[in-house]
Each structure stands twice: as structure tokens, then as C-alpha cells.
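> What follows is the file coords-v1.csv, containing CSV, C-alpha atoms:
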chain,number,residue,atom,x,y,z
T,1,ASP,CA,-6.9,-30.0,-6.6
T,2,THR,CA,-6.9,-26.5,-5.2
T,3,ALA,CA,-3.3,-25.2,-4.8
T,4,VAL,CA,-4.0,-22.9,-1.9
T,5,SER,CA,-7.2,-23.6,0.1
T,6,GLN,CA,-8.8,-21.7,2.9
T,7,THR,CA,-11.5,-22.7,5.4
T,8,PRO,CA,-14.1,-21.5,6.0
T,9,LYS,CA,-15.1,-19.6,2.9
T,10,TYR,CA,-17.6,-17.5,4.9
T,11,LEU,CA,-17.6,-16.6,8.6
T,12,VAL,CA,-20.2,-14.6,10.3
T,13,THR,CA,-19.7,-14.0,14.0
T,14,GLN,CA,-20.5,-11.7,16.9
T,15,MET,CA,-18.2,-9.0,18.3
T,16,GLY,CA,-16.0,-10.3,21.1
T,17,ASN,CA,-15.8,-13.8,19.8
T,18,ASP,CA,-12.6,-15.7,18.9
T,19,LYS,CA,-12.3,-17.3,15.6
T,20,SER,CA,-9.7,-19.1,13.4
T,21,ILE,CA,-9.2,-19.3,9.7
T,22,LYS,CA,-7.2,-22.1,8.2
T,23,CYS,CA,-5.0,-22.2,5.1
T,24,GLU,CA,-3.3,-25.1,3.4
T,25,GLN,CA,-1.1,-25.2,0.3
T,26,ASN,CA,-0.1,-28.3,-1.7
T,27,LEU,CA,2.4,-26.6,-3.9
T,28,GLY,CA,5.4,-27.6,-1.7
T,29,HIS,CA,6.1,-23.9,-1.0
T,30,ASP,CA,8.1,-22.8,2.0
T,31,THR,CA,6.6,-19.4,2.5
T,32,MET,CA,3.0,-18.4,3.4
T,33,TYR,CA,1.2,-15.1,3.9
T,34,TRP,CA,-2.0,-13.6,5.2
T,35,TYR,CA,-3.5,-10.5,3.5
T,36,LYS,CA,-6.5,-8.5,4.4
T,37,GLN,CA,-8.8,-6.8,1.9
T,38,ASP,CA,-11.1,-4.2,3.4
T,39,SER,CA,-14.4,-2.9,2.2
T,40,LYS,CA,-12.7,-0.3,0.0
T,41,LYS,CA,-10.8,-3.2,-1.7
T,42,PHE,CA,-7.4,-2.3,-0.5
T,43,LEU,CA,-5.3,-5.4,-0.2
T,44,LYS,CA,-2.6,-5.3,2.5
T,45,ILE,CA,-0.2,-7.9,3.7
T,46,MET,CA,-0.5,-8.8,7.4
T,47,PHE,CA,2.1,-11.6,8.0
T,48,SER,CA,4.5,-13.8,6.2
T,49,TYR,CA,6.2,-17.0,7.3
T,50,ASN,CA,9.2,-18.6,5.8
T,51,ASN,CA,9.9,-22.1,6.9
T,52,LYS,CA,7.6,-21.6,9.9
T,53,GLU,CA,9.5,-18.5,10.9
T,54,LEU,CA,7.8,-15.1,11.1
T,55,ILE,CA,9.3,-12.8,8.5
T,56,ILE,CA,6.8,-9.9,8.1
T,57,ASN,CA,4.4,-8.6,10.8
T,58,GLU,CA,2.8,-5.5,9.4
T,59,THR,CA,1.7,-3.6,12.6
T,60,VAL,CA,-1.3,-5.9,13.0
T,61,PRO,CA,-3.1,-5.8,16.4
T,62,ASN,CA,-1.9,-8.6,18.6
T,63,ARG,CA,-5.4,-9.9,18.7
T,64,PHE,CA,-4.3,-11.5,15.4
T,65,SER,CA,-2.0,-14.5,15.9
T,66,PRO,CA,-0.7,-16.5,13.0
T,67,LYS,CA,0.3,-20.1,13.6
T,68,SER,CA,2.3,-22.3,11.3
T,69,PRO,CA,2.3,-25.9,12.4
T,70,ASP,CA,4.3,-26.9,9.3
T,71,LYS,CA,5.3,-25.4,6.0
T,72,ALA,CA,2.0,-26.4,4.3
T,73,HIS,CA,-0.2,-24.7,6.8
T,74,LEU,CA,-0.7,-21.2,8.1
T,75,ASN,CA,-3.6,-20.5,10.3
T,76,LEU,CA,-4.9,-17.2,11.6
T,77,HIS,CA,-6.5,-16.9,15.0
T,78,ILE,CA,-8.3,-13.7,15.9
T,79,ASN,CA,-9.3,-12.9,19.5
T,80,SER,CA,-12.0,-10.5,20.6
T,81,LEU,CA,-13.3,-9.8,17.2
T,82,GLU,CA,-14.2,-6.2,16.4
T,83,LEU,CA,-16.5,-4.7,13.7
T,84,GLY,CA,-13.4,-3.4,11.9
T,85,ASP,CA,-12.1,-6.9,11.4
T,86,SER,CA,-14.8,-7.5,8.8
T,87,ALA,CA,-13.0,-8.0,5.6
T,88,VAL,CA,-11.9,-10.7,3.1
T,89,TYR,CA,-8.7,-12.5,4.3
T,90,PHE,CA,-6.5,-14.1,1.7
T,91,CYS,CA,-3.8,-16.6,2.2
T,92,ALA,CA,-1.0,-17.0,-0.3
T,93,SER,CA,2.2,-19.0,-0.7
T,94,SER,CA,5.4,-18.9,-2.6
T,95,GLN,CA,8.6,-20.9,-3.0
T,96,GLY,CA,11.0,-18.5,-1.4
T,97,HIS,CA,10.0,-15.2,0.2
T,98,ALA,CA,10.7,-13.1,-2.8
T,99,GLU,CA,9.2,-15.3,-5.4
T,100,THR,CA,5.8,-15.3,-7.2
T,101,GLN,CA,2.9,-15.7,-4.8
T,102,TYR,CA,-0.2,-17.7,-5.4
T,103,PHE,CA,-3.4,-16.8,-3.6
T,104,GLY,CA,-6.2,-18.7,-2.1
T,105,PRO,CA,-9.9,-18.0,-2.7
T,106,GLY,CA,-10.4,-15.9,0.4
T,107,THR,CA,-12.4,-16.1,3.6
T,108,ARG,CA,-15.2,-13.5,4.0
T,109,LEU,CA,-15.4,-12.5,7.6
T,110,LEU,CA,-18.4,-10.5,8.8
T,111,VAL,CA,-18.4,-9.3,12.5
T,112,LEU,CA,-21.8,-8.3,13.7
E,1,ASP,CA,3.1,2.4,-0.1
E,2,ALA,CA,2.5,1.5,-3.7
E,3,LYS,CA,5.2,2.8,-6.0
E,4,THR,CA,3.2,2.6,-9.2
E,5,THR,CA,0.6,4.7,-11.0
E,6,GLN,CA,-2.2,3.2,-13.0
E,7,PRO,CA,-5.3,4.6,-14.6
E,8,PRO,CA,-8.3,3.8,-12.5
E,9,SER,CA,-10.4,2.2,-15.3
E,10,MET,CA,-10.3,1.1,-18.9
E,11,ASP,CA,-12.7,-0.4,-21.4
E,12,CYS,CA,-11.8,-2.9,-24.1
E,13,ALA,CA,-13.9,-4.6,-26.7
E,14,GLU,CA,-13.9,-8.4,-26.7
E,15,GLY,CA,-11.4,-9.9,-29.1
E,16,ARG,CA,-9.3,-6.7,-29.2
E,17,ALA,CA,-6.0,-6.3,-27.4
E,18,ALA,CA,-6.1,-4.7,-24.0
E,19,ASN,CA,-3.1,-2.5,-23.2
E,20,LEU,CA,-2.8,-1.6,-19.6
E,21,PRO,CA,-0.2,1.0,-18.7
E,22,CYS,CA,1.8,1.4,-15.5
E,23,ASN,CA,4.2,4.1,-14.4
E,24,HIS,CA,7.0,3.3,-12.0
E,25,SER,CA,9.3,6.2,-12.4
E,26,THR,CA,11.2,5.5,-9.1
E,27,ILE,CA,11.9,1.9,-9.8
E,28,SER,CA,15.3,0.7,-8.5
E,29,GLY,CA,17.7,-1.5,-10.5
E,30,ASN,CA,16.9,-4.6,-8.5
E,31,GLU,CA,13.1,-4.2,-8.6
E,32,TYR,CA,11.0,-6.3,-10.8
E,33,VAL,CA,7.6,-5.4,-12.3
E,34,TYR,CA,4.9,-7.8,-11.4
E,35,TRP,CA,1.3,-7.9,-12.7
E,36,TYR,CA,-1.6,-9.6,-10.8
E,37,ARG,CA,-5.3,-9.4,-11.4
E,38,GLN,CA,-8.3,-9.9,-9.2
E,39,ILE,CA,-11.5,-11.1,-10.8
E,40,HIS,CA,-14.5,-10.2,-8.7
E,41,SER,CA,-14.6,-12.0,-5.4
E,42,GLN,CA,-11.6,-14.2,-6.1
E,43,GLY,CA,-8.0,-14.2,-4.9
E,44,PRO,CA,-5.4,-12.3,-6.8
E,45,GLN,CA,-4.0,-14.2,-9.7
E,46,TYR,CA,-0.4,-13.9,-10.9
E,47,ILE,CA,-0.1,-12.9,-14.6
E,48,ILE,CA,3.5,-12.1,-15.4
E,49,HIS,CA,6.7,-10.4,-14.2
E,50,GLY,CA,9.9,-9.0,-15.7
E,51,LEU,CA,13.0,-7.1,-14.9
E,52,LYS,CA,14.0,-5.2,-18.0
E,53,ASN,CA,13.4,-7.5,-21.0
E,54,ASN,CA,10.0,-7.9,-22.5
E,55,GLU,CA,8.2,-11.1,-21.4
E,56,THR,CA,5.5,-13.2,-22.8
E,57,ASN,CA,3.6,-16.2,-21.4
E,58,GLU,CA,0.3,-17.9,-22.2
E,59,MET,CA,-1.7,-15.2,-20.5
E,60,ALA,CA,-0.1,-11.9,-21.5
E,61,SER,CA,2.9,-9.9,-22.7
E,62,LEU,CA,4.8,-7.4,-20.6
E,63,ILE,CA,6.6,-4.5,-22.4
E,64,ILE,CA,9.0,-2.6,-20.2
E,65,THR,CA,10.5,0.7,-21.5
E,66,GLU,CA,14.2,0.9,-21.9
E,67,ASP,CA,14.5,3.3,-19.0
E,68,ARG,CA,12.3,1.0,-16.9
E,69,LYS,CA,10.1,3.9,-15.8
E,70,SER,CA,7.0,2.5,-17.3
E,71,SER,CA,5.5,-0.8,-18.6
E,72,THR,CA,2.5,-2.1,-20.4
E,73,LEU,CA,0.6,-5.3,-19.9
E,74,ILE,CA,-0.9,-6.6,-23.1
E,75,LEU,CA,-3.8,-9.1,-23.2
E,76,PRO,CA,-3.7,-9.9,-26.9
E,77,HIS,CA,-7.3,-11.0,-27.4
E,78,ALA,CA,-9.4,-9.9,-24.4
E,79,THR,CA,-12.5,-11.9,-23.4
E,80,LEU,CA,-15.3,-11.2,-21.0
E,81,ARG,CA,-13.5,-13.4,-18.5
E,82,ASP,CA,-10.6,-10.9,-18.4
E,83,THR,CA,-12.8,-8.3,-16.7
E,84,ALA,CA,-10.9,-7.7,-13.5
E,85,VAL,CA,-8.8,-5.3,-11.5
E,86,TYR,CA,-5.2,-5.4,-12.7
E,87,TYR,CA,-2.4,-4.5,-10.3
E,88,CYS,CA,1.1,-3.4,-11.3
E,89,ILE,CA,3.6,-3.9,-8.5
E,90,VAL,CA,7.3,-3.3,-8.2
E,91,ARG,CA,9.2,-5.3,-5.8
E,92,VAL,CA,12.7,-6.7,-5.1
E,93,ALA,CA,13.1,-10.4,-5.9
E,94,GLY,CA,15.6,-12.8,-4.5
E,95,PHE,CA,15.7,-11.1,-1.2
E,96,THR,CA,14.0,-12.1,2.1
E,97,GLY,CA,12.5,-9.3,3.9
E,98,THR,CA,10.0,-6.4,3.8
E,99,ALA,CA,11.6,-5.0,0.6
E,100,SER,CA,10.2,-8.0,-1.3
E,101,LYS,CA,6.7,-7.8,-0.1
E,102,LEU,CA,3.8,-7.3,-2.6
E,103,THR,CA,2.3,-3.9,-2.1
E,104,PHE,CA,-1.0,-3.6,-3.9
E,105,GLY,CA,-2.2,-0.2,-5.1
E,106,THR,CA,-5.7,0.6,-6.4
E,107,GLY,CA,-5.0,-1.0,-9.8
E,108,THR,CA,-6.9,-0.6,-13.1
E,109,ARG,CA,-10.4,-1.9,-13.4
E,110,LEU,CA,-10.6,-3.4,-16.9
E,111,GLN,CA,-14.1,-3.9,-18.3
E,112,VAL,CA,-14.3,-6.1,-21.4
E,113,THR,CA,-17.5,-5.5,-23.4
E,114,LEU,CA,-19.2,-7.3,-26.2
I'd like the structure from this file rewritten - as C-alpha cells, please.


Amino acid sequence: DTAVSQTPKYLVTQMGNDKSIKCEQNLGHDTMYWYKQDSKKFLKIMFSYNNKELIINETVPNRFSPKSPDKAHLNLHINSLELGDSAVYFCASSQGHAETQYFGPGTRLLVL
Amino acid sequence: DAKTTQPPSMDCAEGRAANLPCNHSTISGNEYVYWYRQIHSQGPQYIIHGLKNNETNEMASLIITEDRKSSTLILPHATLRDTAVYYCIVRVAGFTGTASKLTFGTGTRLQVTL
């Protein structure tokens, strides 16, 4: 019964492709996030959604487009993948934007 | 940018208490101190948070100095499974917006040894 789940766990793809990562939480939370952890292990927030409304967009290239079909899901679509997009992407959720966040297991993206 | 300073690494013998320090000298009155950890290849895991009083839960204790400029996370009986990177983060709580976002620094890599 994973609280925050992500699919796929691993994603290997070619430069220029378009890919999506899915996130689902069963905690009943109303806020969800995407974080990126690069090869140097720096973990940075990309987006946050509260009740399906975009709250934070941290100067992420517009090739990245989050989509929140409902409060339990936040998907990340990436167009025209570049080598620099290789990273681990973590989804998280919280009840309320300023409350404790719970993270998923991560999606390891490798762009060749 | 992270508003905390932590030592890059620490060692602790299994079964002993691990005391992880954090400096947050510019903390504001409405900012909480949060601790997360990241075990290798896993997502960050929430440990504990506090405003000014000391806090304890099943995982750890958090000691915040009276002036709130520093804190210590205590794992009372460290085990090998506690080996991880520990992040100390200050953030506003109860507020929707960028001020409440989690900003991860480089953390402290705790190595628990036999």
C-alpha cells in the first residue's frame, strides 16, 4: 500500500523523444509536487499543485508540463528530451501546501 | 537557496546516539525547522519538525536552542539502516506560496558503522 507511487521506476530514452512520468498518492492529500535530483544529488523543486492549481513553477523549461487530472494524480510530461534531463524525478504530496511532504520512490530517467 | 549549514559528513557507531547539528542563524520567527533524510536511491523521508520547543517522535528527537539559531537531530540508538543523507530545512508553515517550499541543501551524510 504505497502512499506515493510513481511509474515508471526507470526510463531510458533517446534525445528528442517525448515521455511522461506518472504519480499517484492515496493519502487524500490536496497538494502534489515534482522534484528533480541531478547527478550531483541536489534536490530541487520544480512544480507544486494545490487542488489542481499550479502554485509553484520554478523556472523550469516549458518542455516540462505538469498535468493534474485530479487531486490524487500529478503527471509530468517532458517534450524533446535533452541529455541534461537525465536525473531522478521525485513526486511528493502533502495536506496543505505548507505541511509535511511525503515522497515517492523516484523515477530514474536516462536520456541517451 | 538553503538557509542552513550542516557538516558534510559524520560517523556513528551502531547502538550509539547520533547527534546531527544544524545552523540556521537567519531563521525567522514564523519558520519551522524540518528534518528529512534520504537513504541511498530512495525518496526523502520526513523525520521530524519543530518551531521552538523540543520535539520527539518514534524516529528521533529535535533539540532547538533558545535563540532558535541552531538545532540538533538526535537518533537515540543508531542502526546501520540509519545510514543516509540528513537534511535540515527551514521553512514557513501554514502559508501557501514559495516561502513554504522545501529547499534542500547538501545535508550531512551519516555513516553508521559496526

> Write out as a Markdown table a residue-level contact list of chain E versus chain T with cut-off 12 Å: for each qualifying residue the closest pair of atoms and the distance in Å to one decimal, counting only C-alpha atoms, rows sorted by chain and residue number upward.


| residue | atom | partner | partner_atom | distance |
| --- | --- | --- | --- | --- |
| E:Asp1 | CA | T:Lys44 | CA | 9.9 |
| E:Ala2 | CA | T:Lys44 | CA | 10.5 |
| E:Asn30 | CA | T:Ala98 | CA | 12.0 |
| E:Glu31 | CA | T:Ala98 | CA | 10.9 |
| E:Tyr32 | CA | T:Ala98 | CA | 10.5 |
| E:Val33 | CA | T:Thr100 | CA | 11.3 |
| E:Tyr34 | CA | T:Thr100 | CA | 8.6 |
| E:Trp35 | CA | T:Thr100 | CA | 10.3 |
| E:Tyr36 | CA | T:Gln101 | CA | 9.7 |
| E:Arg37 | CA | T:Phe103 | CA | 10.9 |
| E:Gln38 | CA | T:Phe103 | CA | 10.1 |
| E:Ile39 | CA | T:Pro105 | CA | 10.8 |
| E:His40 | CA | T:Lys41 | CA | 10.6 |
| E:Ser41 | CA | T:Pro105 | CA | 8.1 |
| E:Gln42 | CA | T:Pro105 | CA | 5.4 |
| E:Gly43 | CA | T:Pro105 | CA | 4.8 |
| E:Pro44 | CA | T:Phe103 | CA | 5.9 |
| E:Gln45 | CA | T:Phe103 | CA | 6.7 |
| E:Tyr46 | CA | T:Tyr102 | CA | 6.7 |
| E:Ile47 | CA | T:Thr100 | CA | 9.8 |
| E:Ile48 | CA | T:Thr100 | CA | 9.1 |
| E:His49 | CA | T:Thr100 | CA | 8.6 |
| E:Gly50 | CA | T:Thr100 | CA | 11.3 |
| E:Val85 | CA | T:Lys41 | CA | 10.2 |
| E:Tyr87 | CA | T:Leu43 | CA | 10.5 |
| E:Ile89 | CA | T:Thr100 | CA | 11.7 |
| E:Val90 | CA | T:Ala98 | CA | 11.7 |
| E:Arg91 | CA | T:Ala98 | CA | 8.5 |
| E:Val92 | CA | T:Ala98 | CA | 7.1 |
| E:Ala93 | CA | T:Ala98 | CA | 4.8 |
| E:Gly94 | CA | T:Ala98 | CA | 5.2 |
| E:Phe95 | CA | T:Ala98 | CA | 5.6 |
| E:Thr96 | CA | T:His97 | CA | 5.4 |
| E:Gly97 | CA | T:Ile55 | CA | 6.6 |
| E:Thr98 | CA | T:Ile56 | CA | 6.4 |
| E:Ala99 | CA | T:Ala98 | CA | 8.8 |
| E:Ser100 | CA | T:Ala98 | CA | 5.3 |
| E:Lys101 | CA | T:Ala98 | CA | 7.2 |
| E:Leu102 | CA | T:Ile45 | CA | 7.5 |
| E:Thr103 | CA | T:Lys44 | CA | 6.9 |
| E:Phe104 | CA | T:Leu43 | CA | 6.0 |
| E:Gly105 | CA | T:Phe42 | CA | 7.3 |
| E:Thr106 | CA | T:Phe42 | CA | 6.8 |
| E:Gly107 | CA | T:Phe42 | CA | 9.7 |
| E:Arg109 | CA | T:Lys41 | CA | 11.8 |

> In Å to one decimal, how far is CA of Leu75 in chain E from CA of Asn26 in chain T?

29.1 Å

> Rounded to one decimal place, report the CA of Thr31 in chain T-CA of Leu76 in chain T distance in Å.

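Between these atoms lies a distance of 14.8 Å.
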
> Excluding range 63-73 of chain T and any residue of its chain fewer than 2 positions from it, enumerate the residues within 8 Å of it, using all atoms listed in the file, and give them as an MDAnalysis selection string.

chainID T and resid 22:26 28:32 47 49:52 60:61 75:80

> Could you please determine the separation between CA of Ala60 in chain E and CA of Ala18 in chain E in Å, to one decimal place?

9.7 Å

> In terms of the shortest atom-to-atom distance over all atoms listed in the file, which of E:Cys88, E:Leu51, E:Met59, E:Ile64 is closest to Lys3 in chain E?

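For Lys3 in chain E, the nearest of the candidates is E:Cys88.
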
> Applying 7 Å and all atoms listed in the file, which residues near Asn23 in chain E remain after dropping the ones on its own chain fewer than 3 positions away? List them as a CSV table (one decimal) with C-alpha atoms, in the frame of the given file.


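Everything below was put into out29.csv:
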chain,number,residue,atom,x,y,z
E,4,THR,CA,3.2,2.6,-9.2
E,5,THR,CA,0.6,4.7,-11.0
E,6,GLN,CA,-2.2,3.2,-13.0
E,69,LYS,CA,10.1,3.9,-15.8
E,70,SER,CA,7.0,2.5,-17.3
E,71,SER,CA,5.5,-0.8,-18.6

> Have a look at T:Asn17, T:Leu110, T:Thr59, T:Pro8 and name the one nearest to Ala87 in chain T; count only C-alpha atoms.

T:Leu110

> Taking only C-alpha atoms into account, name the residue in T:Ser93, T:Gln37, T:Ser20, T:Met46 that is nearest to Val4 in chain T.

T:Ser93

> Using only C-alpha atoms, determine which residues lie at most 7 Å from Leu20 in chain E, disregarding the query and same-chain residues fewer than 2 positions distant; provide the list as a PyMOL selection string.

chain E and resi 18+22+72-74

> Find the residues around Gly84 in chain T up to 10 Å (only C-alpha atoms counted), leave out those fewer than 5 positions away in its own chain, and share them as a tab-separated table (two decimals) with C-alpha atoms, keeping the file's coordinate frame.


chain	number	residue	atom	x	y	z
T	15	MET	CA	-18.20	-9.00	18.30
T	38	ASP	CA	-11.10	-4.20	3.40
T	39	SER	CA	-14.40	-2.90	2.20
T	110	LEU	CA	-18.40	-10.50	8.80
T	111	VAL	CA	-18.40	-9.30	12.50
T	112	LEU	CA	-21.80	-8.30	13.70

> Env of Leu110 in chain E: 9 Å cut, atoms = all atoms listed in the file, seq-sep filter 3 positions within chain, self excluded. Answer as a list in words.

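Near Leu110 in chain E, the qualifying residues are Pro8, Ser9, Met10, Asp11, Cys12, Ala18, Leu20, Asp82, Thr83, Ala84, Val85 and Tyr86 of chain E.
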
> Would you place a box with edges along x, y and z of the file around all atoms of range 35-40 of chain E listed there, add 8 Å to each of its six sides, and report the centre and edge lengths in Å to one decimal, as lines of an AutoDock Vina configuration file?


center_x = -6.6
center_y = -9.5
center_z = -10.7
size_x = 31.8
size_y = 19.2
size_z = 20.0

> Save range 81-93 of chain E from what I just supplied, as a PDB file, in the first residue's frame, atoms limited to all heavy atoms.


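Now in decode.pdb:
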ATOM      1  N   ARG E  81      20.722   0.816   9.316  1.00  0.00           N
ATOM      2  CA  ARG E  81      19.684   1.317   8.408  1.00  0.00           C
ATOM      3  C   ARG E  81      19.482   2.821   8.504  1.00  0.00           C
ATOM      4  O   ARG E  81      18.744   3.402   7.688  1.00  0.00           O
ATOM      5  CB  ARG E  81      18.362   0.603   8.686  1.00  0.00           C
ATOM      6  CG  ARG E  81      18.327  -0.830   8.152  1.00  0.00           C
ATOM      7  CD  ARG E  81      17.048  -1.516   8.526  1.00  0.00           C
ATOM      8  NE  ARG E  81      16.948  -1.750   9.962  1.00  0.00           N
ATOM      9  CZ  ARG E  81      15.983  -2.440  10.547  1.00  0.00           C
ATOM     10  NH1 ARG E  81      14.997  -2.944   9.837  1.00  0.00           N
ATOM     11  NH2 ARG E  81      15.969  -2.620  11.846  1.00  0.00           N
ATOM     12  N   ASP E  82      20.108   3.460   9.474  1.00  0.00           N
ATOM     13  CA  ASP E  82      20.034   4.912   9.578  1.00  0.00           C
ATOM     14  C   ASP E  82      21.086   5.606   8.724  1.00  0.00           C
ATOM     15  O   ASP E  82      21.139   6.842   8.668  1.00  0.00           O
ATOM     16  CB  ASP E  82      20.189   5.352  11.037  1.00  0.00           C
ATOM     17  CG  ASP E  82      19.004   4.917  11.902  1.00  0.00           C
ATOM     18  OD1 ASP E  82      17.860   5.015  11.420  1.00  0.00           O
ATOM     19  OD2 ASP E  82      19.242   4.488  13.051  1.00  0.00           O
ATOM     20  N   THR E  83      21.955   4.838   8.071  1.00  0.00           N
ATOM     21  CA  THR E  83      22.933   5.438   7.166  1.00  0.00           C
ATOM     22  C   THR E  83      22.191   6.124   6.028  1.00  0.00           C
ATOM     23  O   THR E  83      21.420   5.500   5.306  1.00  0.00           O
ATOM     24  CB  THR E  83      23.885   4.351   6.619  1.00  0.00           C
ATOM     25  OG1 THR E  83      24.682   3.840   7.681  1.00  0.00           O
ATOM     26  CG2 THR E  83      24.788   4.923   5.539  1.00  0.00           C
ATOM     27  N   ALA E  84      22.419   7.431   5.885  1.00  0.00           N
ATOM     28  CA  ALA E  84      21.650   8.234   4.930  1.00  0.00           C
ATOM     29  C   ALA E  84      22.221   9.644   4.895  1.00  0.00           C
ATOM     30  O   ALA E  84      23.103   9.993   5.683  1.00  0.00           O
ATOM     31  CB  ALA E  84      20.175   8.288   5.349  1.00  0.00           C
ATOM     32  N   VAL E  85      21.677  10.452   3.988  1.00  0.00           N
ATOM     33  CA  VAL E  85      21.957  11.888   4.000  1.00  0.00           C
ATOM     34  C   VAL E  85      20.801  12.561   4.738  1.00  0.00           C
ATOM     35  O   VAL E  85      19.633  12.321   4.411  1.00  0.00           O
ATOM     36  CB  VAL E  85      22.074  12.451   2.575  1.00  0.00           C
ATOM     37  CG1 VAL E  85      22.314  13.969   2.634  1.00  0.00           C
ATOM     38  CG2 VAL E  85      23.207  11.768   1.829  1.00  0.00           C
ATOM     39  N   TYR E  86      21.142  13.367   5.720  1.00  0.00           N
ATOM     40  CA  TYR E  86      20.155  14.044   6.562  1.00  0.00           C
ATOM     41  C   TYR E  86      20.115  15.530   6.204  1.00  0.00           C
ATOM     42  O   TYR E  86      21.142  16.191   6.187  1.00  0.00           O
ATOM     43  CB  TYR E  86      20.489  13.856   8.041  1.00  0.00           C
ATOM     44  CG  TYR E  86      20.222  12.443   8.510  1.00  0.00           C
ATOM     45  CD1 TYR E  86      21.086  11.404   8.186  1.00  0.00           C
ATOM     46  CD2 TYR E  86      19.080  12.136   9.243  1.00  0.00           C
ATOM     47  CE1 TYR E  86      20.822  10.100   8.577  1.00  0.00           C
ATOM     48  CE2 TYR E  86      18.813  10.840   9.648  1.00  0.00           C
ATOM     49  CZ  TYR E  86      19.688   9.826   9.306  1.00  0.00           C
ATOM     50  OH  TYR E  86      19.416   8.536   9.686  1.00  0.00           O
ATOM     51  N   TYR E  87      18.915  16.001   5.925  1.00  0.00           N
ATOM     52  CA  TYR E  87      18.736  17.391   5.512  1.00  0.00           C
ATOM     53  C   TYR E  87      17.989  18.174   6.592  1.00  0.00           C
ATOM     54  O   TYR E  87      16.933  17.748   7.062  1.00  0.00           O
ATOM     55  CB  TYR E  87      17.904  17.463   4.227  1.00  0.00           C
ATOM     56  CG  TYR E  87      18.538  16.815   3.022  1.00  0.00           C
ATOM     57  CD1 TYR E  87      18.186  15.520   2.641  1.00  0.00           C
ATOM     58  CD2 TYR E  87      19.473  17.498   2.252  1.00  0.00           C
ATOM     59  CE1 TYR E  87      18.751  14.931   1.522  1.00  0.00           C
ATOM     60  CE2 TYR E  87      20.043  16.912   1.137  1.00  0.00           C
ATOM     61  CZ  TYR E  87      19.677  15.624   0.778  1.00  0.00           C
ATOM     62  OH  TYR E  87      20.238  15.041  -0.324  1.00  0.00           O
ATOM     63  N   CYS E  88      18.549  19.303   6.940  1.00  0.00           N
ATOM     64  CA  CYS E  88      17.912  20.245   7.842  1.00  0.00           C
ATOM     65  C   CYS E  88      17.387  21.395   6.986  1.00  0.00           C
ATOM     66  O   CYS E  88      18.133  21.981   6.203  1.00  0.00           O
ATOM     67  CB  CYS E  88      18.947  20.735   8.863  1.00  0.00           C
ATOM     68  SG  CYS E  88      18.450  22.117   9.888  1.00  0.00           S
ATOM     69  N   ILE E  89      16.113  21.707   7.114  1.00  0.00           N
ATOM     70  CA  ILE E  89      15.473  22.700   6.242  1.00  0.00           C
ATOM     71  C   ILE E  89      14.647  23.632   7.105  1.00  0.00           C
ATOM     72  O   ILE E  89      13.942  23.186   8.022  1.00  0.00           O
ATOM     73  CB  ILE E  89      14.541  21.988   5.233  1.00  0.00           C
ATOM     74  CG1 ILE E  89      15.335  20.991   4.395  1.00  0.00           C
ATOM     75  CG2 ILE E  89      13.836  23.002   4.333  1.00  0.00           C
ATOM     76  CD1 ILE E  89      14.456  20.016   3.634  1.00  0.00           C
ATOM     77  N   VAL E  90      14.725  24.929   6.819  1.00  0.00           N
ATOM     78  CA  VAL E  90      13.821  25.867   7.490  1.00  0.00           C
ATOM     79  C   VAL E  90      12.799  26.351   6.476  1.00  0.00           C
ATOM     80  O   VAL E  90      13.118  26.600   5.318  1.00  0.00           O
ATOM     81  CB  VAL E  90      14.564  27.059   8.127  1.00  0.00           C
ATOM     82  CG1 VAL E  90      15.487  26.586   9.230  1.00  0.00           C
ATOM     83  CG2 VAL E  90      15.313  27.869   7.105  1.00  0.00           C
ATOM     84  N   ARG E  91      11.576  26.444   6.904  1.00  0.00           N
ATOM     85  CA  ARG E  91      10.526  26.880   6.001  1.00  0.00           C
ATOM     86  C   ARG E  91       9.355  27.434   6.787  1.00  0.00           C
ATOM     87  O   ARG E  91       9.138  27.053   7.935  1.00  0.00           O
ATOM     88  CB  ARG E  91      10.048  25.701   5.147  1.00  0.00           C
ATOM     89  CG  ARG E  91       9.320  24.675   5.986  1.00  0.00           C
ATOM     90  CD  ARG E  91       8.885  23.457   5.239  1.00  0.00           C
ATOM     91  NE  ARG E  91       7.921  23.658   4.203  1.00  0.00           N
ATOM     92  CZ  ARG E  91       6.793  22.955   4.100  1.00  0.00           C
ATOM     93  NH1 ARG E  91       6.493  22.072   5.019  1.00  0.00           N
ATOM     94  NH2 ARG E  91       5.984  23.131   3.068  1.00  0.00           N
ATOM     95  N   VAL E  92       8.594  28.285   6.137  1.00  0.00           N
ATOM     96  CA  VAL E  92       7.371  28.802   6.720  1.00  0.00           C
ATOM     97  C   VAL E  92       6.309  27.723   6.612  1.00  0.00           C
ATOM     98  O   VAL E  92       6.208  27.042   5.598  1.00  0.00           O
ATOM     99  CB  VAL E  92       6.908  30.067   5.972  1.00  0.00           C
ATOM    100  CG1 VAL E  92       5.572  30.536   6.495  1.00  0.00           C
ATOM    101  CG2 VAL E  92       7.955  31.155   6.091  1.00  0.00           C
ATOM    102  N   ALA E  93       5.536  27.553   7.653  1.00  0.00           N
ATOM    103  CA  ALA E  93       4.430  26.613   7.620  1.00  0.00           C
ATOM    104  C   ALA E  93       3.124  27.384   7.711  1.00  0.00           C
ATOM    105  O   ALA E  93       3.102  28.534   8.150  1.00  0.00           O
ATOM    106  CB  ALA E  93       4.538  25.610   8.763  1.00  0.00           C
TER     107      ALA E  93
END
